[in-house]
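Structure data (mmCIF, C-alpha atoms, pLDDT in the B column; chains and numbers go by the auth columns) from my_file02.cif:
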data_run
loop_
_atom_site.group_PDB
_atom_site.id
_atom_site.type_symbol
_atom_site.label_atom_id
_atom_site.label_comp_id
_atom_site.label_asym_id
_atom_site.label_seq_id
_atom_site.Cartn_x
_atom_site.Cartn_y
_atom_site.Cartn_z
_atom_site.B_iso_or_equiv
_atom_site.auth_seq_id
_atom_site.auth_asym_id
ATOM 1 C CA MET A 1 -5.454 20.490 5.046 41.00 137 A
ATOM 2 C CA SER A 2 -2.367 19.762 3.019 50.00 138 A
ATOM 3 C CA ASP A 3 -2.265 18.834 -0.664 55.00 139 A
ATOM 4 C CA SER A 4 -0.822 15.370 -0.087 75.00 140 A
ATOM 5 C CA LYS A 5 -1.815 12.589 2.216 92.00 141 A
ATOM 6 C CA HIS A 6 0.555 10.354 4.092 97.00 142 A
ATOM 7 C CA VAL A 7 0.472 6.685 3.122 97.00 143 A
ATOM 8 C CA LEU A 8 0.844 3.177 4.452 98.00 144 A
ATOM 9 C CA ARG A 9 1.865 0.863 1.594 97.00 145 A
ATOM 10 C CA ILE A 10 1.287 -2.842 2.118 96.00 146 A
ATOM 11 C CA LEU A 11 3.499 -4.940 -0.155 94.00 147 A
ATOM 12 C CA ASP A 12 2.562 -8.584 -0.521 88.00 148 A
ATOM 13 C CA ARG A 13 1.789 -11.162 -3.188 87.00 149 A
ATOM 14 C CA SER A 14 -1.499 -9.426 -4.017 87.00 150 A
ATOM 15 C CA GLY A 15 0.359 -6.231 -4.952 88.00 151 A
ATOM 16 C CA ASP A 16 0.652 -2.779 -3.444 92.00 152 A
ATOM 17 C CA THR A 17 -2.277 -1.754 -1.233 94.00 153 A
ATOM 18 C CA VAL A 18 -2.371 1.868 -0.068 96.00 154 A
ATOM 19 C CA VAL A 19 -4.044 3.279 3.036 97.00 155 A
ATOM 20 C CA ALA A 20 -3.848 7.089 3.080 97.00 156 A
ATOM 21 C CA TRP A 21 -4.471 9.543 5.897 97.00 157 A
ATOM 22 C CA GLU A 22 -4.311 13.260 6.530 96.00 158 A
ATOM 23 C CA PRO A 23 -2.284 14.023 9.685 93.00 159 A
ATOM 24 C CA GLY A 24 -4.588 15.538 12.264 94.00 160 A
ATOM 25 C CA VAL A 25 -7.727 13.903 10.862 96.00 161 A
ATOM 26 C CA LYS A 26 -8.361 11.450 13.681 97.00 162 A
ATOM 27 C CA THR A 27 -10.698 9.107 11.791 97.00 163 A
ATOM 28 C CA GLU A 28 -8.163 8.696 8.963 97.00 164 A
ATOM 29 C CA GLU A 29 -5.274 8.260 11.411 97.00 165 A
ATOM 30 C CA LYS A 30 -7.249 5.611 13.316 97.00 166 A
ATOM 31 C CA LYS A 31 -7.970 3.654 10.124 97.00 167 A
ATOM 32 C CA ALA A 32 -4.291 3.682 9.135 98.00 168 A
ATOM 33 C CA LYS A 33 -3.150 2.737 12.659 98.00 169 A
ATOM 34 C CA THR A 34 -5.611 -0.150 12.772 98.00 170 A
ATOM 35 C CA LYS A 35 -4.238 -1.489 9.464 97.00 171 A
ATOM 36 C CA PHE A 36 -0.645 -0.935 10.659 98.00 172 A
ATOM 37 C CA ASP A 37 -1.337 -2.906 13.852 98.00 173 A
ATOM 38 C CA GLU A 38 -3.050 -5.689 11.885 97.00 174 A
ATOM 39 C CA MET A 39 -0.084 -6.067 9.535 96.00 175 A
ATOM 40 C CA ALA A 40 2.437 -5.939 12.400 97.00 176 A
ATOM 41 C CA LYS A 41 0.593 -8.779 14.188 96.00 177 A
ATOM 42 C CA MET A 42 0.875 -10.832 11.000 95.00 178 A
ATOM 43 C CA GLY A 43 4.664 -10.413 11.086 95.00 179 A
ATOM 44 C CA TYR A 44 5.060 -7.692 8.475 96.00 180 A
ATOM 45 C CA LEU A 45 8.159 -5.531 8.801 96.00 181 A
ATOM 46 C CA MET A 46 7.428 -1.808 8.887 97.00 182 A
ATOM 47 C CA PHE A 47 9.678 0.897 7.488 98.00 183 A
ATOM 48 C CA ALA A 48 8.905 4.607 7.759 97.00 184 A
ATOM 49 C CA THR A 49 10.322 7.751 6.241 95.00 185 A
ATOM 50 C CA GLU A 50 9.788 11.317 7.402 91.00 186 A
ATOM 51 C CA ALA A 51 9.988 12.908 3.956 90.00 187 A
ATOM 52 C CA PRO A 52 10.445 12.017 0.284 89.00 188 A
ATOM 53 C CA GLY A 53 13.997 10.923 -0.470 89.00 189 A
ATOM 54 C CA LYS A 54 14.872 10.203 3.169 92.00 190 A
ATOM 55 C CA THR A 55 16.215 6.797 4.168 93.00 191 A
ATOM 56 C CA PRO A 56 13.481 4.620 5.679 95.00 192 A
ATOM 57 C CA GLU A 57 13.986 3.154 9.146 97.00 193 A
ATOM 58 C CA GLN A 58 12.308 0.157 10.709 97.00 194 A
ATOM 59 C CA VAL A 59 9.532 1.120 13.124 97.00 195 A
ATOM 60 C CA ARG A 60 7.476 -0.858 15.613 97.00 196 A
ATOM 61 C CA SER A 61 4.649 1.609 16.228 97.00 197 A
ATOM 62 C CA PHE A 62 2.447 3.785 14.045 98.00 198 A
ATOM 63 C CA ASP A 63 3.509 7.418 13.683 96.00 199 A
ATOM 64 C CA PRO A 64 0.781 9.584 12.120 96.00 200 A
ATOM 65 C CA GLN A 65 3.423 12.160 11.151 95.00 201 A
ATOM 66 C CA ALA A 66 5.410 9.677 9.038 96.00 202 A
ATOM 67 C CA PHE A 67 5.325 10.642 5.370 96.00 203 A
ATOM 68 C CA GLU A 68 5.270 7.042 4.191 97.00 204 A
ATOM 69 C CA ILE A 69 5.217 3.671 5.932 98.00 205 A
ATOM 70 C CA VAL A 70 5.932 0.513 3.958 97.00 206 A
ATOM 71 C CA ALA A 71 4.734 -2.840 5.304 97.00 207 A
ATOM 72 C CA VAL A 72 6.705 -5.752 3.827 95.00 208 A
ATOM 73 C CA ALA A 73 5.315 -9.270 3.989 90.00 209 A
ATOM 74 C CA PRO A 74 7.428 -11.734 5.952 85.00 210 A
ATOM 75 C CA PHE A 75 9.625 -14.076 3.941 79.00 211 A
ATOM 76 C CA LYS A 76 8.718 -17.743 4.025 74.00 212 A
ATOM 77 C CA GLY A 77 11.372 -20.398 3.660 69.00 213 A
ATOM 78 C CA GLY A 78 11.025 -23.297 1.354 62.00 214 A
#
Do you think you could lay out the structure here as C-alpha cells?
Amino acid sequence: MSDSKHVLRILDRSGDTVVAWEPGVKTEEKKAKTKFDEMAKMGYLMFATEAPGKTPEQVRSFDPQAFEIVAVAPFKGG
C-alpha cells in the first residue's frame, strides 16, 4: 500500500466532500466509482489529474489510477 490515497473531491454548496481510495483495493475503488457515477448523473462536471501539479482534464468515466478527481456542481442560471 502507498502512503497517500487518491481522492474524489465533490465541490458544492455544502462544501468540499472527499471520497478517498487506495488504487488496487477493489472495495475502496467501487465506493469511489459509485459516488463518481452518482455525481455525473446529477450533472456534475468531472476533472481529473494524474499527479500533483498536473493540469486537470475533463473526464466522463472513473479512472481508479487518477490522483485526484474534482466533481464541480452544475451552474444554475437565475
Query raised in the report: Which polymer residues have any atom within 8 Å of an atom of range 177-187 of chain A, counting only C-alpha atoms, with same-chain residues fewer than 6 positions away left out, as a list in words?
Result: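 Listed by chain and then number, they are Glu193, Gln194, Val195, Arg196, Gln201, Ala202, Phe203, Glu204, Ile205, Val206, Ala207, Val208, Ala209 and Pro210 of chain A.
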Query raised in the report: Of the candidates A:Arg149, A:Gly189, A:Trp157, A:Ser197, which one gets nearest to Ala176 in chain A if we count all atoms listed in the file?
Result: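 The shortest atom-to-atom distance to Ala176 in chain A comes from A:Ser197.
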Query raised in the report: To one decimal place, how far is CA of Asp148 in chain A from CA of Val161 in chain A in Å?
Result: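 Value for the CA of Asp148 in chain A-CA of Val161 in chain A distance: 27.2 Å.
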Requested in this report: Could you check which of A:Phe198, A:Pro188, A:Lys212, A:Val154 is closest to Asp173 in chain A, using all atoms listed in the file?
Outcome: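 When distances to Asp173 in chain A are compared using all atoms listed in the file, the smallest one comes from A:Phe198.
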Report task. Enter the distance from CA of Glu174 in chain A to CA of Lys190 in chain A, in Å, rounded to one decimal. Result -> 25.5 Å
Report summary line: From CA of Glu158 in chain A to CA of Lys141 in chain A the spacing works out at 5.0 Å
Query raised in the report: Given the file above and the PyMOL selection byres ((chain A and resi 156) around 10), which residues are selected, and can you give them as a ChimeraX atom specification?
Result: /A:140-145,153-155,157-159,164-165,167-168,204
Please produce a file of those selected residues containing C-alpha atoms, as a PDB file, in the coordinates of the input.
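Below is the file result.pdb, written as the result:
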ATOM      1  CA  SER A 140      -0.822  15.370  -0.087  1.00 75.00           C
ATOM      2  CA  LYS A 141      -1.815  12.589   2.216  1.00 92.00           C
ATOM      3  CA  HIS A 142       0.555  10.354   4.092  1.00 97.00           C
ATOM      4  CA  VAL A 143       0.472   6.685   3.122  1.00 97.00           C
ATOM      5  CA  LEU A 144       0.844   3.177   4.452  1.00 98.00           C
ATOM      6  CA  ARG A 145       1.865   0.863   1.594  1.00 97.00           C
ATOM      7  CA  THR A 153      -2.277  -1.754  -1.233  1.00 94.00           C
ATOM      8  CA  VAL A 154      -2.371   1.868  -0.068  1.00 96.00           C
ATOM      9  CA  VAL A 155      -4.044   3.279   3.036  1.00 97.00           C
ATOM     10  CA  TRP A 157      -4.471   9.543   5.897  1.00 97.00           C
ATOM     11  CA  GLU A 158      -4.311  13.260   6.530  1.00 96.00           C
ATOM     12  CA  PRO A 159      -2.284  14.023   9.685  1.00 93.00           C
ATOM     13  CA  GLU A 164      -8.163   8.696   8.963  1.00 97.00           C
ATOM     14  CA  GLU A 165      -5.274   8.260  11.411  1.00 97.00           C
ATOM     15  CA  LYS A 167      -7.970   3.654  10.124  1.00 97.00           C
ATOM     16  CA  ALA A 168      -4.291   3.682   9.135  1.00 98.00           C
ATOM     17  CA  GLU A 204       5.270   7.042   4.191  1.00 97.00           C
TER      18      GLU A 204
END
Taking every listed atom of range 201-212 of chain A and adding 6 Å to each side, what centre and edge lengths in Å (one decimal) does the axis-aligned box have, as AutoDock Vina command-line options?
--center_x 6.5 --center_y -2.8 --center_z 7.5 --size_x 18.2 --size_y 41.9 --size_z 19.3
Output range 145-173 of chain A as a PDB file, in the coordinates of the input, making sure N, CA and C atoms are there.
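Ended up saving to out.pdb:
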ATOM      1  N   ARG A 145       1.857   1.760   2.743  1.00 97.00           N
ATOM      2  CA  ARG A 145       1.865   0.863   1.594  1.00 97.00           C
ATOM      3  C   ARG A 145       2.077  -0.556   2.096  1.00 97.00           C
ATOM      4  N   ILE A 146       1.188  -1.444   1.715  1.00 96.00           N
ATOM      5  CA  ILE A 146       1.287  -2.842   2.118  1.00 96.00           C
ATOM      6  C   ILE A 146       1.719  -3.637   0.890  1.00 96.00           C
ATOM      7  N   LEU A 147       2.933  -4.183   0.960  1.00 94.00           N
ATOM      8  CA  LEU A 147       3.499  -4.940  -0.155  1.00 94.00           C
ATOM      9  C   LEU A 147       3.406  -6.428   0.160  1.00 94.00           C
ATOM     10  N   ASP A 148       2.664  -7.142  -0.684  1.00 88.00           N
ATOM     11  CA  ASP A 148       2.562  -8.584  -0.521  1.00 88.00           C
ATOM     12  C   ASP A 148       2.277  -9.207  -1.881  1.00 88.00           C
ATOM     13  N   ARG A 149       1.965 -10.492  -1.903  1.00 87.00           N
ATOM     14  CA  ARG A 149       1.789 -11.162  -3.188  1.00 87.00           C
ATOM     15  C   ARG A 149       0.574 -10.668  -3.966  1.00 87.00           C
ATOM     16  N   SER A 150      -0.347  -9.966  -3.298  1.00 87.00           N
ATOM     17  CA  SER A 150      -1.499  -9.426  -4.017  1.00 87.00           C
ATOM     18  C   SER A 150      -1.190  -8.074  -4.661  1.00 87.00           C
ATOM     19  N   GLY A 151      -0.025  -7.506  -4.347  1.00 88.00           N
ATOM     20  CA  GLY A 151       0.359  -6.231  -4.952  1.00 88.00           C
ATOM     21  C   GLY A 151       0.697  -5.172  -3.924  1.00 88.00           C
ATOM     22  N   ASP A 152       0.343  -3.952  -4.256  1.00 92.00           N
ATOM     23  CA  ASP A 152       0.652  -2.779  -3.444  1.00 92.00           C
ATOM     24  C   ASP A 152      -0.673  -2.137  -3.025  1.00 92.00           C
ATOM     25  N   THR A 153      -1.054  -2.339  -1.763  1.00 94.00           N
ATOM     26  CA  THR A 153      -2.277  -1.754  -1.233  1.00 94.00           C
ATOM     27  C   THR A 153      -1.917  -0.481  -0.478  1.00 94.00           C
ATOM     28  N   VAL A 154      -2.673   0.589  -0.695  1.00 96.00           N
ATOM     29  CA  VAL A 154      -2.371   1.868  -0.068  1.00 96.00           C
ATOM     30  C   VAL A 154      -3.505   2.283   0.864  1.00 96.00           C
ATOM     31  N   VAL A 155      -3.120   2.673   2.081  1.00 97.00           N
ATOM     32  CA  VAL A 155      -4.044   3.279   3.036  1.00 97.00           C
ATOM     33  C   VAL A 155      -3.509   4.685   3.281  1.00 97.00           C
ATOM     34  N   ALA A 156      -4.300   5.693   2.952  1.00 97.00           N
ATOM     35  CA  ALA A 156      -3.848   7.089   3.080  1.00 97.00           C
ATOM     36  C   ALA A 156      -4.558   7.776   4.234  1.00 97.00           C
ATOM     37  N   TRP A 157      -3.863   8.749   4.826  1.00 97.00           N
ATOM     38  CA  TRP A 157      -4.471   9.543   5.897  1.00 97.00           C
ATOM     39  C   TRP A 157      -3.920  10.956   5.854  1.00 97.00           C
ATOM     40  N   GLU A 158      -4.711  11.861   6.375  1.00 96.00           N
ATOM     41  CA  GLU A 158      -4.311  13.260   6.530  1.00 96.00           C
ATOM     42  C   GLU A 158      -3.922  13.431   7.998  1.00 96.00           C
ATOM     43  N   PRO A 159      -2.662  13.807   8.289  1.00 93.00           N
ATOM     44  CA  PRO A 159      -2.284  14.023   9.685  1.00 93.00           C
ATOM     45  C   PRO A 159      -3.221  15.024  10.348  1.00 93.00           C
ATOM     46  N   GLY A 160      -3.671  14.673  11.539  1.00 94.00           N
ATOM     47  CA  GLY A 160      -4.588  15.538  12.264  1.00 94.00           C
ATOM     48  C   GLY A 160      -6.048  15.177  12.084  1.00 94.00           C
ATOM     49  N   VAL A 161      -6.354  14.371  11.063  1.00 96.00           N
ATOM     50  CA  VAL A 161      -7.727  13.903  10.862  1.00 96.00           C
ATOM     51  C   VAL A 161      -7.835  12.560  11.580  1.00 96.00           C
ATOM     52  N   LYS A 162      -8.390  12.611  12.780  1.00 97.00           N
ATOM     53  CA  LYS A 162      -8.361  11.450  13.681  1.00 97.00           C
ATOM     54  C   LYS A 162      -8.976  10.195  13.095  1.00 97.00           C
ATOM     55  N   THR A 163     -10.074  10.308  12.353  1.00 97.00           N
ATOM     56  CA  THR A 163     -10.698   9.107  11.791  1.00 97.00           C
ATOM     57  C   THR A 163      -9.788   8.444  10.760  1.00 97.00           C
ATOM     58  N   GLU A 164      -9.091   9.246   9.953  1.00 97.00           N
ATOM     59  CA  GLU A 164      -8.163   8.696   8.963  1.00 97.00           C
ATOM     60  C   GLU A 164      -6.935   8.095   9.643  1.00 97.00           C
ATOM     61  N   GLU A 165      -6.427   8.780  10.667  1.00 97.00           N
ATOM     62  CA  GLU A 165      -5.274   8.260  11.411  1.00 97.00           C
ATOM     63  C   GLU A 165      -5.621   6.929  12.070  1.00 97.00           C
ATOM     64  N   LYS A 166      -6.830   6.839  12.636  1.00 97.00           N
ATOM     65  CA  LYS A 166      -7.249   5.611  13.316  1.00 97.00           C
ATOM     66  C   LYS A 166      -7.332   4.448  12.329  1.00 97.00           C
ATOM     67  N   LYS A 167      -7.866   4.702  11.151  1.00 97.00           N
ATOM     68  CA  LYS A 167      -7.970   3.654  10.124  1.00 97.00           C
ATOM     69  C   LYS A 167      -6.579   3.155   9.731  1.00 97.00           C
ATOM     70  N   ALA A 168      -5.650   4.068   9.517  1.00 98.00           N
ATOM     71  CA  ALA A 168      -4.291   3.682   9.135  1.00 98.00           C
ATOM     72  C   ALA A 168      -3.592   2.939  10.275  1.00 98.00           C
ATOM     73  N   LYS A 169      -3.775   3.404  11.510  1.00 98.00           N
ATOM     74  CA  LYS A 169      -3.150   2.737  12.659  1.00 98.00           C
ATOM     75  C   LYS A 169      -3.697   1.328  12.834  1.00 98.00           C
ATOM     76  N   THR A 170      -4.992   1.172  12.656  1.00 98.00           N
ATOM     77  CA  THR A 170      -5.611  -0.150  12.772  1.00 98.00           C
ATOM     78  C   THR A 170      -5.003  -1.106  11.748  1.00 98.00           C
ATOM     79  N   LYS A 171      -4.833  -0.647  10.521  1.00 97.00           N
ATOM     80  CA  LYS A 171      -4.238  -1.489   9.464  1.00 97.00           C
ATOM     81  C   LYS A 171      -2.775  -1.775   9.785  1.00 97.00           C
ATOM     82  N   PHE A 172      -2.045  -0.767  10.261  1.00 98.00           N
ATOM     83  CA  PHE A 172      -0.645  -0.935  10.659  1.00 98.00           C
ATOM     84  C   PHE A 172      -0.549  -2.034  11.723  1.00 98.00           C
ATOM     85  N   ASP A 173      -1.366  -1.932  12.760  1.00 98.00           N
ATOM     86  CA  ASP A 173      -1.337  -2.906  13.852  1.00 98.00           C
ATOM     87  C   ASP A 173      -1.687  -4.304  13.356  1.00 98.00           C
TER      88      ASP A 173
END
